[in-house]
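Participant: Mind having a look at this structure? Questions to follow.
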2 protein chains.
Amino acid sequence: MGKLGILAGAGELPRRIIAACRAADRDFFVLAFKGEADPAILADVPHATVRLGAAGEGFRLLREAGVAEIVFAGGLKRPTVTSLRPDWRAAKFFARIGYRALGDNGLLSAVIAEIEGEGFKVVGADTILTRDVVPRGILGRVAPDAQAEADIARGLTIARSLGALDIGQAVVVQQGLVLGVEAIEGTDALLARCRELGREGPGGVLVKIAKPQQERRADLPTIGVRTVEAALAAGLRGIAVEAGSTIVLDPPGIIAAADAADFFVIGVEPG
Amino acid sequence: MGKLGILAGAGELPRRIIAACRAADRDFFVLAFKGEADPAILADVPHATVRLGAAGEGFRLLREAGVAEIVFAGGLKRPTVTSLRPDWRAAKFFARIGYRALGDNGLLSAVIAEIEGEGFKVVGADTILTRDVVPRGILGRVAPDAQAEADIARGLTIARSLGALDIGQAVVVQQGLVLGVEAIEGTDALLARCRELGREGPGGVLVKIAKPQQERRADLPTIGVRTVEAALAAGLRGIAVEAGSTIVLDPPGIIAAADAADFFVIGVEPG
């Protein structure tokens, strides 16, 4: 394995990947996106910072650092054309695929293809954080009951359809009723509004799956203690995520939080 | 045409249907659902009020009033089993279709079949409010541009999928990006959250279609001046609804509000 280039956006994931590289004694270089990556993670690590639209500079920095493989780490806000301020290299990319692609199917696939066209290999975060990939089955001691199993099944059907339409990957279902569906507002906002939408009786479940195969290398779903806390605040009873394609940011932490609240976290096959 | 029984829920629709019956000199009887229908509409009209769960009493009242046809008018909050407090007749219905159906596909279809099994004919609000059904084409003077047409096309694809999954019928798309998807929170809440989610550049569109064929008799989408105002507040440029299957609550009012704001309202074929 050659040197790993970590394209660092928002959230916990870049820090985890840096830690995994250090634990495995693997060479790495962090390319941090301005306004997205937490500057605190950059202390004592080889890194550079670029604007999201500065593709030419980004490729140059990655090459100068001797990077061979690339991993996407953490969230990026979907930019608008104006905020992106594409440099010449980025503009060339958009001239080919069209700016409309910023909101269309396949943008991530096109970005991956572009990066690989520059000679880098793009790998999924799951290949670095192998020990933190959600396995099939329950993570703690709590298992879903029959009603929750039915809600998970309905949620999976819906999440697959949403994914195929490039909308979002998360849905909340309670007693067969779809309380909410995620689009660009993100899972946190989805859970926040479900606080007001829940019905009496057994609470609902959050079902979250990975993007369709092509794009999942660039954007794997992650869950952490905060996800469990937000789901509990929304009155939910559990979370079902896609086994093999979801990263747990803090496995002991999430299990402790879930077990303490009689809350389930389960890895399922999306079918 | 025999006497019309108006099952009155929340909103403007019951009032409009009462006015249409009066204008057409048609006999009618309003069965108002407690906590849903606006009591102000009941002054000077033949009516009775029942709990939503009191199906036996409801059927008795409709029969005693000599009702032949039934129209659903206005919104009902999806009840929980507890809040429904089904009487014997309602319990018999749920014993057969299962309480789980409260959140499942086909509840409305089952309700329609049940009512027709009692000898009433269920008709859509569009058959009463014939002059207020959205025609194909623009309602005012503003037409969508090419970007808006593309957003409408994407919105229709998504809304059809959502309808088939019995989730919701409304979606907001801006420059190809899905800003939000409606589940049980309703169109008002969807528009409210899109205020924070819009991107720079040309504003998005609200696309709202009717439920799949079976259920649309019981729940036609409506738009009114308030819908235009909420969409404008969310930064949208227009609304596309299903021609032939959407009720405009106040045609002159909605056209005036849209034209004044350079906002389009268009009836489209959902395909």
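Here, A, B, ... name the chains of the structure tokens in the order displayed, residue numbers run from 1 inside each chain, and ligands are numbered from 1 in the same displayed order.
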Run DSSP on the backbone and give me the residues of stretch 11-89 of chain A it puts in helix (DSSP H, G or I), as a JSON list (two decimals) with all heavy atoms, in the first residue's frame.
Facilitator:
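The result, stored in part28.json:
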```json
[["chain", "number", "residue", "atom", "x", "y", "z"],
["A", 13, "LEU", "N", -14.70, 11.74, 11.19],
["A", 13, "LEU", "CA", -14.07, 10.69, 10.38],
["A", 13, "LEU", "C", -12.59, 10.94, 10.08],
["A", 13, "LEU", "O", -11.78, 10.01, 10.20],
["A", 13, "LEU", "CB", -14.88, 10.49, 9.10],
["A", 13, "LEU", "CG", -14.68, 9.18, 8.34],
["A", 13, "LEU", "CD1", -14.91, 7.96, 9.22],
["A", 13, "LEU", "CD2", -15.62, 9.13, 7.14],
["A", 14, "PRO", "N", -12.18, 12.17, 9.70],
["A", 14, "PRO", "CA", -10.76, 12.37, 9.41],
["A", 14, "PRO", "C", -9.87, 11.99, 10.59],
["A", 14, "PRO", "O", -8.84, 11.32, 10.41],
["A", 14, "PRO", "CB", -10.67, 13.88, 9.11],
["A", 14, "PRO", "CG", -12.04, 14.27, 8.66],
["A", 14, "PRO", "CD", -12.99, 13.39, 9.44],
["A", 15, "ARG", "N", -10.29, 12.38, 11.80],
["A", 15, "ARG", "CA", -9.49, 12.08, 12.98],
["A", 15, "ARG", "C", -9.33, 10.57, 13.15],
["A", 15, "ARG", "O", -8.24, 10.07, 13.48],
["A", 15, "ARG", "CB", -10.18, 12.68, 14.22],
["A", 15, "ARG", "CG", -9.35, 12.67, 15.50],
["A", 15, "ARG", "CD", -10.22, 13.01, 16.71],
["A", 15, "ARG", "NE", -11.05, 14.21, 16.51],
["A", 15, "ARG", "CZ", -10.66, 15.45, 16.79],
["A", 15, "ARG", "NH1", -9.47, 15.67, 17.31],
["A", 15, "ARG", "NH2", -11.48, 16.45, 16.56],
["A", 16, "ARG", "N", -10.44, 9.83, 12.92],
["A", 16, "ARG", "CA", -10.40, 8.37, 13.07],
["A", 16, "ARG", "C", -9.46, 7.74, 12.04],
["A", 16, "ARG", "O", -8.75, 6.78, 12.33],
["A", 16, "ARG", "CB", -11.80, 7.78, 12.88],
["A", 16, "ARG", "CG", -12.81, 8.25, 13.88],
["A", 16, "ARG", "CD", -12.72, 7.47, 15.18],
["A", 16, "ARG", "NE", -13.47, 8.17, 16.22],
["A", 16, "ARG", "CZ", -13.62, 7.75, 17.45],
["A", 16, "ARG", "NH1", -13.06, 6.60, 17.83],
["A", 16, "ARG", "NH2", -14.28, 8.45, 18.33],
["A", 17, "ILE", "N", -9.50, 8.25, 10.83],
["A", 17, "ILE", "CA", -8.66, 7.67, 9.78],
["A", 17, "ILE", "C", -7.19, 7.97, 10.05],
["A", 17, "ILE", "O", -6.32, 7.10, 9.87],
["A", 17, "ILE", "CB", -9.12, 8.16, 8.38],
["A", 17, "ILE", "CG1", -10.50, 7.54, 8.08],
["A", 17, "ILE", "CG2", -8.11, 7.78, 7.30],
["A", 17, "ILE", "CD1", -11.08, 7.92, 6.75],
["A", 18, "ILE", "N", -6.91, 9.17, 10.52],
["A", 18, "ILE", "CA", -5.53, 9.51, 10.91],
["A", 18, "ILE", "C", -5.05, 8.55, 12.00],
["A", 18, "ILE", "O", -3.95, 7.99, 11.94],
["A", 18, "ILE", "CB", -5.45, 10.98, 11.38],
["A", 18, "ILE", "CG1", -5.66, 11.94, 10.19],
["A", 18, "ILE", "CG2", -4.13, 11.26, 12.10],
["A", 18, "ILE", "CD1", -5.88, 13.40, 10.58],
["A", 19, "ALA", "N", -5.92, 8.33, 13.00],
["A", 19, "ALA", "CA", -5.55, 7.43, 14.10],
["A", 19, "ALA", "C", -5.30, 6.01, 13.59],
["A", 19, "ALA", "O", -4.35, 5.33, 14.02],
["A", 19, "ALA", "CB", -6.65, 7.44, 15.16],
["A", 20, "ALA", "N", -6.15, 5.56, 12.63],
["A", 20, "ALA", "CA", -5.99, 4.21, 12.10],
["A", 20, "ALA", "C", -4.67, 4.09, 11.33],
["A", 20, "ALA", "O", -3.99, 3.06, 11.40],
["A", 20, "ALA", "CB", -7.17, 3.86, 11.20],
["A", 21, "CYS", "N", -4.32, 5.15, 10.57],
["A", 21, "CYS", "CA", -3.05, 5.12, 9.83],
["A", 21, "CYS", "C", -1.88, 5.04, 10.81],
["A", 21, "CYS", "O", -0.92, 4.28, 10.60],
["A", 21, "CYS", "CB", -2.92, 6.37, 8.97],
["A", 21, "CYS", "SG", -3.95, 6.34, 7.48],
["A", 22, "ARG", "N", -1.96, 5.83, 11.87],
["A", 22, "ARG", "CA", -0.87, 5.81, 12.85],
["A", 22, "ARG", "C", -0.75, 4.44, 13.50],
["A", 22, "ARG", "O", 0.36, 3.92, 13.67],
["A", 22, "ARG", "CB", -1.10, 6.88, 13.92],
["A", 22, "ARG", "CG", -0.76, 8.27, 13.41],
["A", 22, "ARG", "CD", -0.96, 9.30, 14.49],
["A", 22, "ARG", "NE", -0.31, 10.55, 14.12],
["A", 22, "ARG", "CZ", -0.75, 11.76, 14.46],
["A", 22, "ARG", "NH1", -1.85, 11.88, 15.20],
["A", 22, "ARG", "NH2", -0.10, 12.84, 14.10],
["A", 23, "ALA", "N", -1.92, 3.87, 13.86],
["A", 23, "ALA", "CA", -1.91, 2.56, 14.51],
["A", 23, "ALA", "C", -1.31, 1.50, 13.58],
["A", 23, "ALA", "O", -0.63, 0.57, 14.03],
["A", 23, "ALA", "CB", -3.33, 2.17, 14.92],
["A", 39, "PRO", "N", -9.71, 22.36, 11.99],
["A", 39, "PRO", "CA", -8.26, 22.63, 11.97],
["A", 39, "PRO", "C", -7.52, 21.90, 13.10],
["A", 39, "PRO", "O", -6.32, 21.63, 12.97],
["A", 39, "PRO", "CB", -8.18, 24.16, 12.16],
["A", 39, "PRO", "CG", -9.51, 24.68, 11.74],
["A", 39, "PRO", "CD", -10.50, 23.61, 12.07],
["A", 40, "ALA", "N", -8.22, 21.56, 14.18],
["A", 40, "ALA", "CA", -7.58, 20.91, 15.32],
["A", 40, "ALA", "C", -6.97, 19.56, 14.95],
["A", 40, "ALA", "O", -5.99, 19.12, 15.56],
["A", 40, "ALA", "CB", -8.59, 20.73, 16.46],
["A", 41, "ILE", "N", -7.54, 18.90, 13.93],
["A", 41, "ILE", "CA", -7.02, 17.57, 13.58],
["A", 41, "ILE", "C", -5.69, 17.67, 12.85],
["A", 41, "ILE", "O", -5.00, 16.67, 12.67],
["A", 41, "ILE", "CB", -7.99, 16.76, 12.69],
["A", 41, "ILE", "CG1", -8.16, 17.45, 11.31],
["A", 41, "ILE", "CG2", -9.33, 16.57, 13.35],
["A", 41, "ILE", "CD1", -8.90, 16.59, 10.29],
["A", 42, "LEU", "N", -5.30, 18.88, 12.43],
["A", 42, "LEU", "CA", -4.13, 19.03, 11.56],
["A", 42, "LEU", "C", -2.82, 19.19, 12.32],
["A", 42, "LEU", "O", -1.74, 19.12, 11.72],
["A", 42, "LEU", "CB", -4.34, 20.21, 10.60],
["A", 42, "LEU", "CG", -5.61, 20.11, 9.73],
["A", 42, "LEU", "CD1", -5.81, 21.38, 8.91],
["A", 42, "LEU", "CD2", -5.55, 18.88, 8.83],
["A", 55, "ALA", "N", -9.20, 22.39, -7.59],
["A", 55, "ALA", "CA", -8.86, 21.01, -7.93],
["A", 55, "ALA", "C", -7.42, 20.88, -8.42],
["A", 55, "ALA", "O", -6.71, 19.93, -8.06],
["A", 55, "ALA", "CB", -9.83, 20.48, -8.98],
["A", 56, "GLY", "N", -6.97, 21.85, -9.24],
["A", 56, "GLY", "CA", -5.62, 21.78, -9.79],
["A", 56, "GLY", "C", -4.58, 21.81, -8.68],
["A", 56, "GLY", "O", -3.66, 20.99, -8.64],
["A", 57, "GLU", "N", -4.76, 22.75, -7.75],
["A", 57, "GLU", "CA", -3.85, 22.85, -6.61],
["A", 57, "GLU", "C", -3.90, 21.58, -5.76],
["A", 57, "GLU", "O", -2.87, 21.08, -5.29],
["A", 57, "GLU", "CB", -4.24, 24.08, -5.77],
["A", 57, "GLU", "CG", -3.25, 24.40, -4.67],
["A", 57, "GLU", "CD", -3.77, 25.48, -3.72],
["A", 57, "GLU", "OE1", -4.85, 26.08, -4.01],
["A", 57, "GLU", "OE2", -3.12, 25.72, -2.69],
["A", 58, "GLY", "N", -5.10, 21.04, -5.58],
["A", 58, "GLY", "CA", -5.26, 19.82, -4.79],
["A", 58, "GLY", "C", -4.50, 18.66, -5.40],
["A", 58, "GLY", "O", -3.75, 17.96, -4.71],
["A", 59, "PHE", "N", -4.67, 18.45, -6.70],
["A", 59, "PHE", "CA", -3.95, 17.36, -7.37],
["A", 59, "PHE", "C", -2.44, 17.56, -7.26],
["A", 59, "PHE", "O", -1.69, 16.60, -7.03],
["A", 59, "PHE", "CB", -4.37, 17.26, -8.84],
["A", 59, "PHE", "CG", -5.73, 16.63, -9.06],
["A", 59, "PHE", "CD1", -6.68, 17.23, -9.88],
["A", 59, "PHE", "CD2", -6.05, 15.41, -8.46],
["A", 59, "PHE", "CE1", -7.93, 16.64, -10.08],
["A", 59, "PHE", "CE2", -7.29, 14.81, -8.67],
["A", 59, "PHE", "CZ", -8.23, 15.43, -9.47],
["A", 60, "ARG", "N", -1.98, 18.81, -7.41],
["A", 60, "ARG", "CA", -0.55, 19.08, -7.32],
["A", 60, "ARG", "C", -0.02, 18.73, -5.93],
["A", 60, "ARG", "O", 1.01, 18.06, -5.78],
["A", 60, "ARG", "CB", -0.29, 20.57, -7.62],
["A", 60, "ARG", "CG", 1.18, 20.97, -7.61],
["A", 60, "ARG", "CD", 1.39, 22.45, -7.92],
["A", 60, "ARG", "NE", 0.67, 23.36, -7.03],
["A", 60, "ARG", "CZ", 1.03, 23.65, -5.78],
["A", 60, "ARG", "NH1", 2.11, 23.09, -5.25],
["A", 60, "ARG", "NH2", 0.32, 24.50, -5.05],
["A", 61, "LEU", "N", -0.75, 19.15, -4.90],
["A", 61, "LEU", "CA", -0.33, 18.88, -3.52],
["A", 61, "LEU", "C", -0.28, 17.38, -3.23],
["A", 61, "LEU", "O", 0.66, 16.88, -2.58],
["A", 61, "LEU", "CB", -1.29, 19.57, -2.54],
["A", 61, "LEU", "CG", -1.19, 21.10, -2.47],
["A", 61, "LEU", "CD1", -2.44, 21.70, -1.83],
["A", 61, "LEU", "CD2", 0.06, 21.50, -1.68],
["A", 62, "LEU", "N", -1.27, 16.66, -3.72],
["A", 62, "LEU", "CA", -1.32, 15.21, -3.50],
["A", 62, "LEU", "C", -0.14, 14.53, -4.19],
["A", 62, "LEU", "O", 0.49, 13.62, -3.64],
["A", 62, "LEU", "CB", -2.64, 14.63, -4.00],
["A", 62, "LEU", "CG", -3.89, 15.04, -3.20],
["A", 62, "LEU", "CD1", -5.17, 14.67, -3.96],
["A", 62, "LEU", "CD2", -3.90, 14.39, -1.81],
["A", 63, "ARG", "N", 0.17, 14.99, -5.40],
["A", 63, "ARG", "CA", 1.28, 14.39, -6.15],
["A", 63, "ARG", "C", 2.61, 14.71, -5.48],
["A", 63, "ARG", "O", 3.46, 13.84, -5.32],
["A", 63, "ARG", "CB", 1.27, 14.89, -7.60],
["A", 63, "ARG", "CG", 0.93, 13.77, -8.59],
["A", 63, "ARG", "CD", 1.12, 14.21, -10.02],
["A", 63, "ARG", "NE", 0.20, 15.29, -10.35],
["A", 63, "ARG", "CZ", -1.01, 15.08, -10.88],
["A", 63, "ARG", "NH1", -1.43, 13.86, -11.15],
["A", 63, "ARG", "NH2", -1.79, 16.11, -11.13],
["A", 64, "GLU", "N", 2.78, 15.98, -5.08],
["A", 64, "GLU", "CA", 4.03, 16.37, -4.41],
["A", 64, "GLU", "C", 4.25, 15.59, -3.12],
["A", 64, "GLU", "O", 5.38, 15.33, -2.73],
["A", 64, "GLU", "CB", 4.01, 17.88, -4.11],
["A", 64, "GLU", "CG", 4.28, 18.73, -5.35],
["A", 64, "GLU", "CD", 4.17, 20.22, -5.06],
["A", 64, "GLU", "OE1", 4.04, 20.58, -3.86],
["A", 64, "GLU", "OE2", 4.18, 20.99, -6.03],
["A", 81, "VAL", "N", -22.39, 26.82, -7.44],
["A", 81, "VAL", "CA", -21.38, 27.17, -8.43],
["A", 81, "VAL", "C", -20.57, 28.38, -7.97],
["A", 81, "VAL", "O", -19.34, 28.41, -8.04],
["A", 81, "VAL", "CB", -22.05, 27.46, -9.79],
["A", 81, "VAL", "CG1", -21.01, 27.93, -10.80],
["A", 81, "VAL", "CG2", -22.75, 26.21, -10.30],
["A", 82, "THR", "N", -21.27, 29.38, -7.43],
["A", 82, "THR", "CA", -20.60, 30.60, -7.02],
["A", 82, "THR", "C", -19.65, 30.35, -5.85],
["A", 82, "THR", "O", -18.50, 30.80, -5.87],
["A", 82, "THR", "CB", -21.64, 31.65, -6.57],
["A", 82, "THR", "OG1", -22.78, 31.54, -7.40],
["A", 82, "THR", "CG2", -21.06, 33.05, -6.63],
["A", 83, "SER", "N", -20.11, 29.62, -4.84],
["A", 83, "SER", "CA", -19.26, 29.42, -3.66],
["A", 83, "SER", "C", -18.09, 28.50, -4.00],
["A", 83, "SER", "O", -17.05, 28.53, -3.35],
["A", 83, "SER", "CB", -20.08, 28.83, -2.51],
["A", 83, "SER", "OG", -20.43, 27.49, -2.79],
["A", 84, "LEU", "N", -18.24, 27.70, -5.05],
["A", 84, "LEU", "CA", -17.20, 26.74, -5.40],
["A", 84, "LEU", "C", -15.96, 27.45, -5.96],
["A", 84, "LEU", "O", -14.84, 27.02, -5.73],
["A", 84, "LEU", "CB", -17.75, 25.75, -6.43],
["A", 84, "LEU", "CG", -16.91, 24.52, -6.74],
["A", 84, "LEU", "CD1", -16.68, 23.69, -5.48],
["A", 84, "LEU", "CD2", -17.60, 23.66, -7.80],
["A", 88, "TRP", "N", -9.01, 26.38, -12.82],
["A", 88, "TRP", "CA", -9.04, 25.94, -14.19],
["A", 88, "TRP", "C", -9.32, 24.45, -14.28],
["A", 88, "TRP", "O", -10.13, 23.99, -15.08],
["A", 88, "TRP", "CB", -7.70, 26.29, -14.86],
["A", 88, "TRP", "CG", -7.68, 25.89, -16.30],
["A", 88, "TRP", "CD1", -8.14, 26.61, -17.36],
["A", 88, "TRP", "CD2", -7.18, 24.66, -16.83],
["A", 88, "TRP", "NE1", -7.99, 25.92, -18.52],
["A", 88, "TRP", "CE2", -7.39, 24.72, -18.23],
["A", 88, "TRP", "CE3", -6.59, 23.52, -16.27],
["A", 88, "TRP", "CZ2", -7.01, 23.67, -19.06],
["A", 88, "TRP", "CZ3", -6.22, 22.47, -17.10],
["A", 88, "TRP", "CH2", -6.44, 22.55, -18.49],
["A", 89, "ARG", "N", -8.66, 23.68, -13.41],
["A", 89, "ARG", "CA", -8.80, 22.22, -13.45],
["A", 89, "ARG", "C", -10.23, 21.80, -13.11],
["A", 89, "ARG", "O", -10.81, 20.90, -13.73],
["A", 89, "ARG", "CB", -7.79, 21.60, -12.46],
["A", 89, "ARG", "CG", -7.79, 20.09, -12.41],
["A", 89, "ARG", "CD", -7.35, 19.50, -13.75],
["A", 89, "ARG", "NE", -7.53, 18.05, -13.75],
["A", 89, "ARG", "CZ", -8.71, 17.47, -13.96],
["A", 89, "ARG", "NH1", -9.78, 18.18, -14.16],
["A", 89, "ARG", "NH2", -8.79, 16.14, -13.97]]
```
Participant: For stretch 223-232 of chain B, work out the shell of residues within 10 Å, counting only C-alpha atoms and skipping chain neighbours fewer than 3 positions away, then give it as a VMD selection string.
Facilitator: chain B and resid 12 134 172 187 to 192 194 to 195 203 to 206 208 235 to 239 241 246 to 258 261 to 265
Participant: What does the distance between atom CA of B:Leu220 and atom CA of B:Gly66 come to in Å, to one decimal place?
Facilitator: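 Taking atom CA of B:Leu220 as the start and atom CA of B:Gly66 as the end point, the length is 25.2 Å.
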Participant: Taking the chain letters and numbering used in this document, name the residues of stretch 19-262 of chain A that DSSP puts in strand (DSSP E), as JSON, numbers by chain.
Facilitator: {"A": [28, 29, 30, 31, 32, 33, 47, 48, 49, 50, 67, 68, 69, 70, 71, 72, 73, 121, 122, 123, 137, 138, 170, 171, 172, 173, 174, 177, 178, 179, 180, 181, 205, 206, 207, 208, 222, 223, 238, 239, 240, 241, 242, 247, 248]}
Participant: Neighbouring residues of A:Thr49 were defined as those with any atom within 6 Å, considering only C-alpha atoms; residues of the same chain fewer than 4 positions away were excluded. Please report them as a PyMOL selection string.
Facilitator: chain A and resi 31-33
Participant: May I have the residues from that selection written out with all heavy atoms, as a short mmCIF file (atom, residue, chain, number, x, y, z; two decimals), in the first residue's frame?
Facilitator:
```
data_model
loop_
_atom_site.label_atom_id
_atom_site.label_comp_id
_atom_site.auth_asym_id
_atom_site.auth_seq_id
_atom_site.Cartn_x
_atom_site.Cartn_y
_atom_site.Cartn_z
N LEU A 31 -5.27 16.28 3.03
CA LEU A 31 -5.65 17.46 2.26
C LEU A 31 -6.98 17.95 2.84
O LEU A 31 -8.02 17.31 2.66
CB LEU A 31 -5.81 17.11 0.77
CG LEU A 31 -5.94 18.32 -0.16
CD1 LEU A 31 -4.63 19.14 -0.20
CD2 LEU A 31 -6.30 17.86 -1.57
N ALA A 32 -6.87 19.06 3.58
CA ALA A 32 -8.05 19.53 4.34
C ALA A 32 -8.79 20.58 3.54
O ALA A 32 -8.19 21.50 2.99
CB ALA A 32 -7.61 20.10 5.68
N PHE A 33 -10.12 20.46 3.48
CA PHE A 33 -10.93 21.46 2.76
C PHE A 33 -11.27 22.60 3.71
O PHE A 33 -11.79 22.40 4.80
CB PHE A 33 -12.19 20.82 2.17
CG PHE A 33 -11.87 19.88 1.04
CD1 PHE A 33 -12.08 18.51 1.18
CD2 PHE A 33 -11.33 20.37 -0.14
CE1 PHE A 33 -11.75 17.65 0.14
CE2 PHE A 33 -11.01 19.50 -1.17
CZ PHE A 33 -11.21 18.14 -1.03
#
```
Participant: How many Å separate atom CA of A:Gln174 from atom CA of A:Gly244?
Facilitator: 25.0 Å
Participant: Which residues are close to B:Ala24, i.e. within 12 Å by only C-alpha atoms, leaving aside same-chain residues fewer than 6 positions away? Reply as JSON, numbers by chain.
Facilitator: {"B": [1, 4, 17, 18, 128, 129, 130, 131]}
Participant: Neighbours of A:Val171 within 8 Å (only C-alpha atoms; same-chain residues fewer than 2 positions away dropped), as a PyMOL selection string?
Facilitator: chain A and resi 155+158-159+169+173+178-182+206-208
Participant: List the neighbours of B:Gly137 out to 10 Å using only C-alpha atoms; skip same-chain residues closer than 3 positions along the sequence, and give me the result as a list in words.
Facilitator: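 That gives Val134, Gly140, Ala143, Ala240, Val241, Ala243, Val265, Ile266, Gly267, Val268 and Glu269 of chain B.
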Participant: Measuring atom to atom with only C-alpha atoms, identify which of A:Pro202, A:Pro270, A:Gly11, A:Gly119 is nearest to chain B.
Facilitator: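 Distance minimum relative to chain B lands on A:Pro202.
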Participant: What's the separation between atom CA of B:Phe93 and atom CA of B:Arg51, in Å to one decimal place?
Facilitator: 15.8 Å
Participant: Can you list, as a list in words, every protein, DNA or RNA residue that comes within 9 Å of A:Ile115 when you count only C-alpha atoms, leaving out same-chain residues fewer than 5 positions away?
Facilitator: Phe59, Ile70, Ala110, Phe120, Lys121 and Val122 of chain A
